[in-house]
>>> print(open('run.txt').read())   # compact mmCIF, C-alpha atoms
# COMPACT_ATOMS: atom_id res chain seq x y z
CA MET K 13 -5.31 -20.40 -55.83
CA THR K 14 -5.96 -20.75 -52.10
CA PHE K 15 -5.14 -18.35 -49.32
CA ALA K 16 -4.77 -19.30 -45.65
CA SER K 17 -6.41 -16.80 -43.35
CA SER K 18 -5.70 -17.13 -39.66
CA SER K 19 -6.39 -15.04 -36.62
CA ALA K 20 -4.05 -15.11 -33.65
CA ASN K 21 -5.88 -16.26 -30.55
CA PHE K 22 -4.11 -13.93 -28.17
CA THR K 23 -4.94 -13.73 -24.48
CA LEU K 24 -4.06 -10.87 -22.19
CA PRO K 25 -1.27 -11.76 -19.77
CA SER K 26 -2.47 -12.77 -16.35
CA VAL K 27 -1.20 -10.42 -13.71
CA ASP K 28 -1.72 -10.62 -9.96
CA ASP K 29 -4.69 -8.38 -9.15
CA GLY K 30 -2.68 -6.68 -6.42
CA PHE K 31 -4.45 -8.47 -3.56
CA SER K 32 -1.20 -9.30 -1.78
CA LYS K 33 -0.03 -5.72 -2.17
CA ARG K 34 -3.32 -4.31 -0.86
CA ASN K 35 -3.28 -6.87 1.95
CA SER K 36 0.26 -5.85 2.90
CA ARG K 37 -0.68 -2.18 2.89
CA ARG K 38 -3.79 -2.97 4.92
CA ARG K 39 -1.65 -4.84 7.45
CA GLU K 40 0.70 -1.87 7.60
CA VAL K 41 -2.23 0.44 8.36
CA TYR K 42 -3.43 -1.97 11.07
CA VAL K 43 0.08 -2.11 12.55
CA ILE K 44 0.35 1.68 12.57
CA ASP K 45 -3.11 2.05 14.14
CA GLY K 46 -2.24 -0.54 16.78
CA ILE K 47 1.06 1.20 17.55
CA LYS K 48 -0.71 4.57 17.78
CA ARG K 49 -3.24 3.15 20.24
CA GLN K 50 -0.49 1.49 22.26
CA LEU K 51 1.66 4.63 22.34
CA HIS K 52 -1.36 6.75 23.23
CA GLN K 53 -2.08 4.40 26.12
CA GLN K 54 1.56 4.60 27.21
CA VAL K 55 1.42 8.41 27.04
CA GLN K 56 -1.74 8.43 29.16
CA THR K 57 -0.11 6.04 31.64
CA ALA K 58 2.99 8.23 31.73
CA PHE K 59 0.89 11.32 32.44
CA ASP K 60 -0.90 9.49 35.25
CA GLN K 61 2.46 8.42 36.66
CA ILE K 62 3.75 11.99 36.41
CA ALA K 63 0.68 13.16 38.31
CA ARG K 64 1.33 10.58 41.06
CA LEU K 65 4.99 11.58 41.18
CA ASN K 66 4.05 15.23 41.51
CA GLU K 67 1.58 14.39 44.25
CA ALA K 68 4.22 12.38 46.15
CA LYS K 69 6.70 15.20 45.58
CA GLN K 70 4.30 17.81 46.94
CA GLN K 71 3.60 15.63 49.95
CA LEU K 72 7.33 15.25 50.59
CA ILE K 73 7.83 19.00 50.15
CA ARG K 74 5.08 19.76 52.67
CA ASP K 75 6.49 17.19 55.10
CA LEU K 76 10.01 18.59 54.70
CA GLN K 77 8.75 22.14 55.18
CA ASP K 78 6.97 21.08 58.36
CA LYS K 79 10.09 19.30 59.57
CA HIS K 80 12.28 22.31 58.79
CA THR K 81 9.86 24.47 60.74
CA ALA K 82 9.84 22.00 63.61
CA PHE K 83 13.64 21.78 63.48
CA GLY K 84 13.86 25.57 63.68
CA ILE K 85 11.57 25.61 66.70
CA CYS K 86 13.60 22.88 68.40
CA GLU K 87 16.84 24.69 67.61
CA GLU K 88 15.43 27.93 69.02
CA ASN K 89 14.30 26.14 72.20
CA LEU K 90 17.77 24.64 72.53
CA GLN K 91 19.26 28.11 72.58
CA LEU K 92 16.91 29.36 75.32
CA ASN K 93 18.09 29.50 78.96
CA GLU K 94 16.87 31.05 82.20
CA PHE K 95 18.48 34.34 81.29
CA SER K 96 16.87 34.66 77.88
CA PRO K 97 14.83 37.88 77.59
CA ASN K 98 11.89 36.35 75.67
CA ILE K 99 10.85 33.77 78.24
CA SER K 100 7.62 34.18 80.21
CA TYR K 101 4.83 32.39 82.01
CA LYS K 102 2.33 30.65 79.67
CA PRO K 103 -1.24 29.77 80.53
CA ASP K 104 -1.61 25.99 80.87
CA PRO K 105 1.29 24.94 78.57
CA CYS K 106 0.67 21.26 79.29
CA ARG K 107 -2.82 21.32 77.89
CA PRO K 108 -3.62 18.77 75.10
CA ILE K 109 -3.37 20.36 71.68
CA LYS K 110 -5.76 19.37 68.91
CA GLY K 111 -3.91 17.48 66.18
CA GLN K 112 -1.09 16.23 68.37
CA ILE K 113 0.10 12.73 67.44
CA THR K 114 2.33 10.13 69.01
CA PRO K 115 5.97 9.61 68.00
CA GLU K 116 4.97 6.31 66.44
CA GLU K 117 2.36 8.04 64.29
CA TRP K 118 4.91 10.73 63.36
CA HIS K 119 7.44 8.10 62.35
CA ALA K 120 4.81 6.10 60.43
CA PHE K 121 3.69 9.24 58.53
CA SER K 122 7.25 10.13 57.55
CA LYS K 123 7.99 6.55 56.57
CA TYR K 124 4.75 6.45 54.50
CA ASN K 125 5.75 9.55 52.56
CA LYS K 126 9.24 8.15 51.97
CA ASP K 127 7.98 4.71 50.95
CA ARG K 128 5.35 6.23 48.71
CA ALA K 129 7.91 8.39 46.91
CA GLU K 130 10.26 5.42 46.49
CA LYS K 131 7.38 3.28 45.20
CA GLU K 132 6.42 5.92 42.62
CA ILE K 133 10.07 6.26 41.59
CA TYR K 134 10.25 2.48 41.16
CA GLU K 135 7.01 2.44 39.18
CA SER K 136 8.32 5.29 37.03
CA THR K 137 11.48 3.33 36.31
CA ARG K 138 9.46 0.30 35.29
CA LEU K 139 7.14 2.45 33.18
CA ARG K 140 10.12 4.11 31.50
CA GLU K 141 11.57 0.71 30.68
CA SER K 142 8.18 -0.38 29.35
CA ILE K 143 8.00 2.76 27.22
CA PHE K 144 11.51 2.10 25.89
CA HIS K 145 10.51 -1.46 25.07
CA THR K 146 7.24 -0.35 23.43
CA MET K 147 8.97 2.29 21.34
CA GLY K 148 11.72 -0.09 20.31
CA GLN K 149 9.23 -2.84 19.47
CA SER K 150 7.03 -0.35 17.62
CA SER K 151 10.00 0.84 15.61
CA ALA K 152 10.93 -2.76 14.78
CA ASP K 153 7.33 -3.62 13.84
CA LEU K 154 7.03 -0.54 11.65
CA GLU K 155 10.34 -1.27 9.98
CA SER K 156 9.42 -4.92 9.41
CA GLN K 157 5.95 -4.13 8.07
CA GLY K 158 7.34 -1.24 6.03
CA LYS K 159 9.85 -3.58 4.39
CA ALA K 160 7.06 -6.10 3.74
CA SER K 161 4.92 -3.39 2.14
CA GLU K 162 7.82 -2.11 0.07
CA TYR K 163 8.61 -5.66 -1.04
CA ALA K 164 4.96 -6.11 -2.05
CA LEU K 165 5.12 -2.82 -3.97
CA ARG K 166 8.30 -3.82 -5.76
CA LYS K 167 6.88 -7.26 -6.53
CA ARG K 168 3.71 -5.69 -7.90
CA LEU K 169 5.78 -3.23 -9.95
CA HIS K 170 7.85 -6.11 -11.37
CA GLU K 171 4.67 -8.00 -12.30
CA LEU K 172 3.21 -4.90 -13.96
CA GLU K 173 6.39 -4.30 -15.95
CA ARG K 174 6.48 -7.94 -17.02
CA ALA K 175 2.81 -7.77 -18.01
CA LEU K 176 3.45 -4.53 -19.92
CA LYS K 177 6.28 -6.15 -21.90
CA GLU K 178 4.02 -9.12 -22.66
CA LEU K 179 1.26 -6.78 -23.81
CA GLU K 180 3.67 -4.83 -26.01
CA TRP K 181 4.83 -8.11 -27.56
CA GLN K 182 1.22 -9.16 -28.14
CA LYS K 183 0.48 -5.76 -29.65
CA LYS K 184 3.35 -6.19 -32.09
CA GLN K 185 2.22 -9.73 -32.99
CA THR K 186 -1.38 -8.56 -33.41
CA GLU K 187 -0.34 -5.67 -35.65
CA GLU K 188 1.72 -8.08 -37.78
CA GLU K 189 -1.25 -10.46 -37.98
CA ILE K 190 -3.55 -7.59 -38.94
CA LEU K 191 -1.13 -6.58 -41.70
CA SER K 192 -0.98 -10.19 -42.91
CA ASN K 193 -4.80 -10.37 -42.93
CA GLU K 194 -5.05 -7.13 -44.85
CA ASN K 195 -2.67 -8.56 -47.47
CA ASP K 196 -4.79 -11.73 -47.62
CA ILE K 197 -7.92 -9.62 -48.05
CA ASP K 198 -6.32 -7.72 -50.92
CA ARG K 199 -5.23 -10.97 -52.62
CA LEU K 200 -8.67 -12.57 -52.13
CA GLU K 201 -10.49 -9.55 -53.50
CA LYS K 202 -8.15 -9.52 -56.50
CA SER K 203 -8.75 -13.25 -57.04
CA ILE K 204 -12.51 -12.69 -56.89
CA ARG K 205 -12.25 -9.86 -59.36
CA ASP K 206 -10.11 -12.07 -61.64
CA LYS K 207 -12.78 -14.79 -61.56
CA GLU K 208 -15.57 -12.53 -62.73
CA PRO K 209 -14.29 -12.01 -66.34
CA MET K 210 -13.70 -15.75 -66.64
CA ILE K 211 -17.26 -16.46 -65.46
CA LYS K 212 -18.62 -13.83 -67.85
CA LEU K 213 -16.60 -15.34 -70.70
CA ALA K 214 -17.90 -18.86 -70.07
CA MET K 215 -21.50 -17.66 -69.70
CA THR K 216 -21.25 -15.55 -72.85
CA ARG K 217 -19.88 -18.49 -74.85
CA GLN K 218 -22.65 -20.75 -73.59
CA GLU K 219 -25.30 -18.14 -74.29
CA ASN K 220 -23.94 -17.47 -77.78
CA ARG K 221 -24.13 -21.21 -78.54
CA HIS K 222 -27.85 -21.06 -77.77
CA SER K 223 -28.23 -18.89 -80.91
CA ARG K 224 -27.18 -21.69 -83.24
CA PRO K 225 -29.94 -22.27 -85.84
CA GLY K 226 -31.91 -25.41 -86.55
CA MET K 227 -30.34 -28.76 -86.09
CA ASP K 228 -27.04 -27.13 -85.09
CA LEU K 229 -28.49 -26.36 -81.67
CA VAL K 230 -26.83 -29.41 -80.25
CA ARG K 231 -26.21 -30.06 -76.54
CA ASP K 232 -22.77 -31.41 -77.18
CA GLU K 233 -19.67 -31.95 -75.12
CA VAL K 234 -18.76 -28.29 -75.49
CA SER K 235 -22.06 -27.30 -73.88
CA TYR K 236 -21.50 -29.72 -71.04
CA GLY K 237 -17.93 -28.49 -70.71
CA LEU K 238 -19.00 -24.84 -70.60
CA CYS K 239 -21.65 -25.65 -67.98
CA ASP K 240 -19.09 -27.49 -65.88
CA GLU K 241 -16.68 -24.60 -66.27
CA ILE K 242 -19.34 -22.09 -65.22
CA GLN K 243 -20.28 -24.16 -62.14
CA GLN K 244 -16.65 -24.66 -61.21
CA LEU K 245 -15.86 -20.95 -61.58
CA LYS K 246 -18.94 -20.05 -59.49
CA ALA K 247 -17.91 -22.54 -56.79
CA GLU K 248 -14.38 -21.15 -56.73
CA LYS K 249 -15.77 -17.61 -56.47
CA ARG K 250 -18.10 -18.61 -53.60
CA ALA K 251 -15.19 -20.32 -51.84
CA LEU K 252 -13.08 -17.19 -52.26
CA GLU K 253 -15.96 -15.02 -50.99
CA ASP K 254 -16.41 -17.29 -47.94
CA GLN K 255 -12.69 -17.17 -47.31
CA LEU K 256 -12.75 -13.38 -47.71
CA LYS K 257 -15.63 -13.16 -45.25
CA GLN K 258 -13.75 -15.29 -42.71
CA THR K 259 -10.60 -13.24 -43.19
CA LYS K 260 -12.50 -9.99 -42.67
CA HIS K 261 -14.14 -11.45 -39.60
CA ALA K 262 -10.71 -12.43 -38.27
CA TRP K 263 -9.47 -8.92 -39.10
CA ASN K 264 -12.31 -7.41 -37.05
CA ILE K 265 -11.50 -9.70 -34.13
CA LEU K 266 -7.84 -8.73 -34.34
CA GLN K 267 -8.78 -5.04 -34.38
CA GLN K 268 -10.89 -5.50 -31.26
CA GLN K 269 -8.07 -7.45 -29.66
CA LEU K 270 -5.62 -4.69 -30.57
CA HIS K 271 -7.86 -2.05 -28.96
CA ARG K 272 -8.15 -4.15 -25.80
CA ILE K 273 -4.38 -4.59 -25.69
CA GLU K 274 -3.82 -0.85 -26.18
CA ASP K 275 -6.31 -0.06 -23.41
CA GLU K 276 -4.61 -2.58 -21.13
CA ILE K 277 -1.20 -1.10 -21.98
CA ALA K 278 -2.49 2.34 -21.00
CA VAL K 279 -3.85 0.94 -17.72
CA LYS K 280 -0.62 -0.91 -16.95
CA SER K 281 1.50 2.14 -17.81
CA ASN K 282 -0.59 4.30 -15.50
CA SER K 283 -0.36 1.67 -12.75
CA ILE K 284 3.43 1.52 -13.12
CA MET K 285 3.60 5.31 -12.87
CA LEU K 286 1.49 5.25 -9.68
CA GLU K 287 3.53 2.41 -8.16
CA ASN K 288 6.79 4.26 -8.88
CA ARG K 289 5.33 7.40 -7.35
CA ALA K 290 4.30 5.42 -4.25
CA LEU K 291 7.80 3.95 -3.95
CA ASP K 292 9.39 7.39 -4.35
CA THR K 293 7.05 8.81 -1.70
CA ARG K 294 7.88 6.00 0.72
CA ARG K 295 11.59 6.45 0.01
CA ARG K 296 11.41 10.18 0.81
CA LEU K 297 9.33 9.61 3.95
CA ASN K 298 11.60 6.82 5.19
CA THR K 299 14.79 8.82 4.72
CA GLU K 300 16.15 9.63 8.18
CA ILE K 301 19.50 9.80 9.88
CA ALA K 302 20.12 6.71 11.95
CA PRO K 303 21.47 7.39 15.47
CA SER K 304 25.18 6.73 15.61
CA THR K 305 25.49 6.35 19.39
CA GLU K 306 23.37 4.96 22.20
CA THR K 307 22.94 8.49 23.57
CA ASP K 308 21.59 9.72 20.23
CA ARG K 309 19.28 6.73 20.11
CA ASN K 310 17.90 7.45 23.59
CA GLN K 311 17.45 11.12 22.73
CA GLN K 312 15.58 10.13 19.58
CA LEU K 313 13.40 7.64 21.44
CA LEU K 314 12.64 10.13 24.23
CA ASN K 315 12.16 13.10 21.90
CA MET K 316 14.93 15.01 23.68
CA ASP K 317 16.92 17.90 22.30
CA ALA K 318 20.70 18.14 22.46
CA SER K 319 20.54 19.48 26.02
CA GLY K 320 18.87 16.28 27.20
CA ILE K 321 15.64 18.05 28.19
CA ARG K 322 12.50 16.22 27.17
CA PRO K 323 9.42 18.44 26.60
CA ILE K 324 7.09 16.19 28.60
CA LEU K 325 4.61 18.87 29.55
CA GLN K 326 4.44 20.50 26.16
CA PRO K 327 0.91 20.74 24.75
CA THR K 328 2.04 18.50 21.87
CA PHE K 329 1.04 15.55 24.01
>>> encode(input="run.txt", output="structure tokens")
Amino acid sequence: MTFASSSANFTLPSVDDGFSKRNSRRREVYVIDGIKRQLHQQVQTAFDQIARLNEAKQQLIRDLQDKHTAFGICEENLQLNEFSPNISYKPDPCRPIKGQITPEEWHAFSKYNKDRAEKEIYESTRLRESIFHTMGQSSADLESQGKASEYALRKRLHELERALKELEWQKKQTEEEILSNENDIDRLEKSIRDKEPMIKLAMTRQENRHSRPGMDLVRDEVSYGLCDEIQQLKAEKRALEDQLKQTKHAWNILQQQLHRIEDEIAVKSNSIMLENRALDTRRRLNTEIAPSTETDRNQQLLNMDASGIRPILQPTF
């Protein structure tokens, strides 16, 4: 009787080590950091522009106040006549006054203030357009990279689930092979035990024949036959013992393989749980109400409330 003992040469399923997923997440972090630096620079530029606008505004306010004062003086002088009660002689009214300028200088100063204010308004318009473009581009980049990262996460999750199914299939096959080996071990051990009485019987017969007296102690064909039988039974027993040893060795290998598969299943299951949690977290964080109108979009981009007032000077910035 011969028994075939085999051990399944299983290999753990090859799964992507997650490099593409980590690389995508790393790129997303780089994109976010770059957008943060760019937006921070835009905020700083906007604050500088606001400061220049305020400076031009204050200069215009001072110039307008001076002109209103001068206009009031001119209007008062226009109302004076030779019968006015508050006219009088003045000491040297034609004297040069410190700080007096020419009409050309006065016109140039007023024009400078006006041109400067218009220039700052123009620069503010360009900066606002640049900020709109930066925010729109940043939003598009974030959305694009976010979709790439989510795709990498879903791809990784699909690979993990496929690997888990493969591992579960290998676990089932390994358990079936272990059960088959255990049955082979039981049959081999029984065969070995069955050989022992037959070997004992042949040895006992041969030994009893050695007790024949005198000339009857003949090395005849029966003696040769018993010796051949003993050798054959011993050889069959050794073959069964070798086969049993190989089967037990294969059983040990399968047990080790089963433990590795179970450990890998635990790792893959934990990884799937973490990937699902990451996807759920991203889904909750990315849930927002899309603007339905262009006005809502501009208010969202400019961080305005419903009244259209943007908290530029809030300490948030």
>>> atom_distance(input="run.txt", atom1="atom CA of K:Ser203", atom2="atom CA of K:Leu252")
7.6 Å
>>> residues_around(input="run.txt", residues="K:Ile47", least_positions_apart="6", cutoff="9 Å", atoms="only C-alpha atoms", output="VMD selection string")
chain K and resid 146 to 147 150 153 to 154
>>> write_last_selection(input="run.txt", atoms="C-alpha atoms", output="short mmCIF file (atom, residue, chain, number, x, y, z; two decimals), in the frame of the given file")
data_model
loop_
_atom_site.label_atom_id
_atom_site.label_comp_id
_atom_site.auth_asym_id
_atom_site.auth_seq_id
_atom_site.Cartn_x
_atom_site.Cartn_y
_atom_site.Cartn_z
CA THR K 146 7.24 -0.35 23.43
CA MET K 147 8.97 2.29 21.34
CA SER K 150 7.03 -0.35 17.62
CA ASP K 153 7.33 -3.62 13.84
CA LEU K 154 7.03 -0.54 11.65
#
>>> atom_distance(input="run.txt", atom1="atom CA of K:Glu248", atom2="atom CA of K:Asp198")
16.7 Å
>>> atom_distance(input="run.txt", atom1="atom CA of K:Glu274", atom2="atom CA of K:Lys167")
23.3 Å
>>> residues_around(input="run.txt", residues="K:Glu276", least_positions_apart="4", cutoff="8 Å", atoms="all atoms listed in the file", output="NGL selection string")
:K and (179 or 272 or 280)
>>> residues_near_point(input="run.txt", point="(8.4, -4.1, 5.5)", cutoff="12 Å", atoms="only C-alpha atoms", output="PyMOL selection string")
chain K and resi 33+36-37+39-41+43+151-166+294+298
>>> closest_residue(input="run.txt", among="K:Asn98, K:Gln258, K:Asn282, K:Gln267", to="K:Ile197", atoms="all atoms listed in the file")
K:Gln258
>>> residues_around(input="run.txt", residues="K:Gln56", least_positions_apart="4", cutoff="12 Å", atoms="only C-alpha atoms", output="MDAnalysis selection string")
chainID K and resid 49:52 60:63 139 143 324 329
>>> closest_residue(input="run.txt", among="K:Phe144, K:Asp75, K:Asn195, K:His170", to="K:Asn288", atoms="all atoms listed in the file")
K:His170
>>> closest_residue(input="run.txt", among="K:Trp118, K:Glu87, K:Ser142, K:Arg221", to="K:Gln54", atoms="all atoms listed in the file")
K:Ser142
>>> closest_residue(input="run.txt", among="K:Ile113, K:Ile133, K:Leu238, K:Leu92", to="K:Leu65", atoms="all atoms listed in the file")
K:Ile133
